[in-house]
Every structure is written in structure tokens, then in C-alpha cells.
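Visitor: Structure incoming, see below.
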Amino acid sequence: MTERPTALVTGASRGVGAAVARALGPTHHVILGGRDESALAAVAAELPDARPWPVELTGVTEADVAGVERLDLLVHSAAITRMGLIAEQPAAVWREMFEVNVVAVAELTRLLLPALRRAKGHVVCVNSGAGQRANPHWAAYAASKFALKAFADALRQEEERDVRVTTVYPGRIATDMQHQVREYEGGPFEADKYLSAESVARAVLAAVNAGPDAHLTELTLRPAAGPVN
């Protein structure tokens with residue numbers, strides 16, 4: 001029996017991360033990264049070959065990844081947003097945003113590069129429309145997502161022979177984060193106007209399954225109806 005390829009998905013306890021894990025479940029051994037151990041266990045119970053990996057991504061160390069010798073796919077889905085005017089957001093907000101959305105991504109990737117190289121693996125960064133265009137009230141989040149794009153672009157060039165790198169840019173998604181955004185904006189949560197987490201997961205699969213001779217470097221998704229950002 002052929003051994004399943006291994007995928008590690010961050011933010012896998014809910015939202016896009018959980019949807020990606022479920023999409024990979026039929027074909028991969030899935031390592032579910034996140035902070036909520038009980039939620040990770042619940043997702044793992046749905047899948048034929050998965051295990052929770054409870055971790056604080058902003059403090060990940062070599063010891064945390066010591067058991068991962070070979071990694072076919074690393075999906076960075078974990079992220080946070082803090083909306084507000086530049087005049088109202090102190091340095092602590094910016095630092096928190098960059099620590100989670102950029103620094104944690106870079107460090108986890110660095111630690112796992114030997115395992116990714118062994119498998120000639122694939123890194124997928126779930127970015128955002130805010131990583132392509134900045135808008136008022138989104139400065140800190142957008143800056144972190146522009147930085148994530150830069151990270152992915154540089155990694156792709158540095159590791160072009162050994163590791164494929166894809167950035168996925170979804171528009172608004174019907175997740176818990178979107179509830180927070182709409183509360184800040186003072187508008188209703190209208191799920192039918194947003195992308196589903198499952199649609200984003202299918203985009204990740206499209207990149208992963210593009211074929212050994214193809215490298216899908218960037219993929220942009222927008223809701224068929226509703227806001228484009």
C-alpha cells in the first residue's frame with residue numbers, strides 16, 4: 001500500500017484551515033495545527049488519517065516539528081485581523097499582526113524546509129484580497145498580507161528547484177473573521193455574498209493537483225456576488 005503524502009495545515013480548527021484539511025483528508029495524512037486542542041481533535045475525528053498538532057505558532061520551535069521528517073504540503077491558513085484607522089492603532093497592534101501573519105509563517109516554514117525539500121513539497125500561503133490592495137481601516141492587516149506575498153515570492157525563487165510555492169488571494173469568506181469584520185463595519189453578515197471556506201479549499205487543491213510539470217504560483221478568488229475586497 002502506497003504511503004499517503006503528508007500535509008500540515010495551520011489554523012485547522014475552523015474556517016478555511018478546517019475546510020482545507022477536510023479536502024485533503026481523502027488523499028493525505030493531515031497534521032492539524034492550531035491552538036484549540038478540542039476543536040482540532042473534532043476535525044481529526046472526521047478524517048481517515050489525521051492528528052491534532054496543538055501549538056502556539058508564534059512560539060514554534062525545532063522541538064515542535066522534530067517528528068516531521070518528510071512533508072509534501074504545508075498550508076499556512078492561520079491569520080488574525082485587527083481593523084482600525086492608522087491614527088488609532090498603536091505599535092502593539094502592528095506587532096501582533098505581523099507576528100501571527102508573517103513572522104510565524106516564516107519561522108514555521110524555515111523549520112520545515114528540510115522536510116519539504118526531501119519531499120520536493122509545496123507551500124501554500126492563504127493570503128487575502130488585502131494582500132493585493134490596501135483600503136482604509138485595513139492598513140495593519142494589509143501591510144502584513146503584502147509582507148506575506150513578499151515572503152512567498154522570495155521563497156519561490158530561493159527554493160525553485162526543491163519546493164513549489166503558491167499564494168491564494170481570496171476575497172471575503174464566510175468565516176468567524178468575517179463576522180468580526182462586519183461587526184466593525186456596522187453591517188449584516190450576508191453569507192451568500194461571500195466565498196465559502198470550501199471554495200477556498202478547492203482553490204488550494206487546484207494548486208496542489210496542478211501536476212508535477214506545473215507550478216501554479218498565484219490564484220485570486222472573488223465572490224461571484226457581493227464585495228470584491
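In the C-alpha cells, chains take the letters A, B, ... in the order shown, each chain's residues start at 1, and ligands count up from 1 in the order shown.
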Could you name the residues that touch segment 122-134 of chain A at 6 Å or less, counting only C-alpha atoms, but leaving out those on the same chain fewer than 3 positions away, as a PyMOL selection string?
Guide: chain A and resi 73-77+142+145-146+163-171+229
Visitor: So what do you get for atom CA of Trp53 of chain A versus atom CA of Ser13 of chain A, distance-wise?
Guide: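 Atom CA of Ser13 of chain A lies 10.1 Å from atom CA of Trp53 of chain A.
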Visitor: Using only C-alpha atoms, which of A:Glu99, A:Glu190, A:Glu198, A:Leu116 sits nearest Pro5 of chain A?
Guide: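 Closest to Pro5 of chain A of all the choices is A:Leu116.
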Visitor: Which residue is closest to Gly25 of chain A? Choose from A:Ala201, A:Val60, A:Arg172, A:Ala39 and count only C-alpha atoms.
Guide: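 Closest candidate: A:Ala201.
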Visitor: Select from segment 41-168 of chain A everything DSSP, run on the backbone, classes as alpha helix (DSSP H), then give the selection as number ranges by chain.
Guide: A: 41-46, 91-98, 104-119, 139-158
Visitor: Which one of A:Val105, A:Val68, A:Val16, A:Leu221 sits closest to Gln178 of chain A if you count only C-alpha atoms?
Guide: A:Val16
Visitor: Given the choices A:Pro48, A:Pro136, A:Gly33, A:Pro26, which gets closest to Asp64 of chain A if the distance is worked out from only C-alpha atoms?
Guide: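 Smallest distance to Asp64 of chain A is found for A:Gly33.
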Visitor: So which one's closest to Gly84 of chain A, A:Leu205, A:Val102, A:Val181, A:Val65? Using only C-alpha atoms, please.
Guide: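 So, comparing all the options, the nearest one is A:Val181.
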Visitor: Looking at only C-alpha atoms, which of A:Ser199, A:Asn135, A:Thr109, A:Thr27 is the one that sits closest to Ala152 of chain A?
Guide: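 Of all the options, A:Thr109 lies closest to Ala152 of chain A.
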Visitor: One decimal, in Å: what's the spacing between atom CA of Leu40 of chain A and atom CA of Pro52 of chain A?
Guide: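 Value for the atom CA of Leu40 of chain A-atom CA of Pro52 of chain A distance: 5.3 Å.
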Visitor: Which value, in Å to one decimal, gives the distance between atom CA of Ala50 of chain A and atom CA of Leu195 of chain A?
Guide: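 About the pair atom CA of Ala50 of chain A and atom CA of Leu195 of chain A: they are 25.8 Å apart.
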Visitor: List every residue of segment 55-111 of chain A that DSSP, applied to the backbone of this structure, places in strand (DSSP E or B), and write the result as number ranges by chain.
Guide: A: 73-76
Visitor: Keeping only N, CA and C atoms, write the selected residues to a file as a PDB file, in the first residue's frame.
Guide:
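To be explicit, this is the file written out as result_24.pdb:
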```pdb
ATOM      1  N   LEU A  73       3.248  18.873   1.836  1.00  0.00           N
ATOM      2  CA  LEU A  73       2.452  20.086   1.693  1.00  0.00           C
ATOM      3  C   LEU A  73       2.362  20.826   3.018  1.00  0.00           C
ATOM      4  N   LEU A  74       2.624  22.120   2.974  1.00  0.00           N
ATOM      5  CA  LEU A  74       2.449  22.998   4.131  1.00  0.00           C
ATOM      6  C   LEU A  74       1.489  24.107   3.734  1.00  0.00           C
ATOM      7  N   VAL A  75       0.341  24.167   4.393  1.00  0.00           N
ATOM      8  CA  VAL A  75      -0.665  25.193   4.095  1.00  0.00           C
ATOM      9  C   VAL A  75      -0.745  26.161   5.265  1.00  0.00           C
ATOM     10  N   HIS A  76      -0.387  27.408   5.009  1.00  0.00           N
ATOM     11  CA  HIS A  76      -0.477  28.454   6.017  1.00  0.00           C
ATOM     12  C   HIS A  76      -1.848  29.117   5.916  1.00  0.00           C
TER      13      HIS A  76
END
```
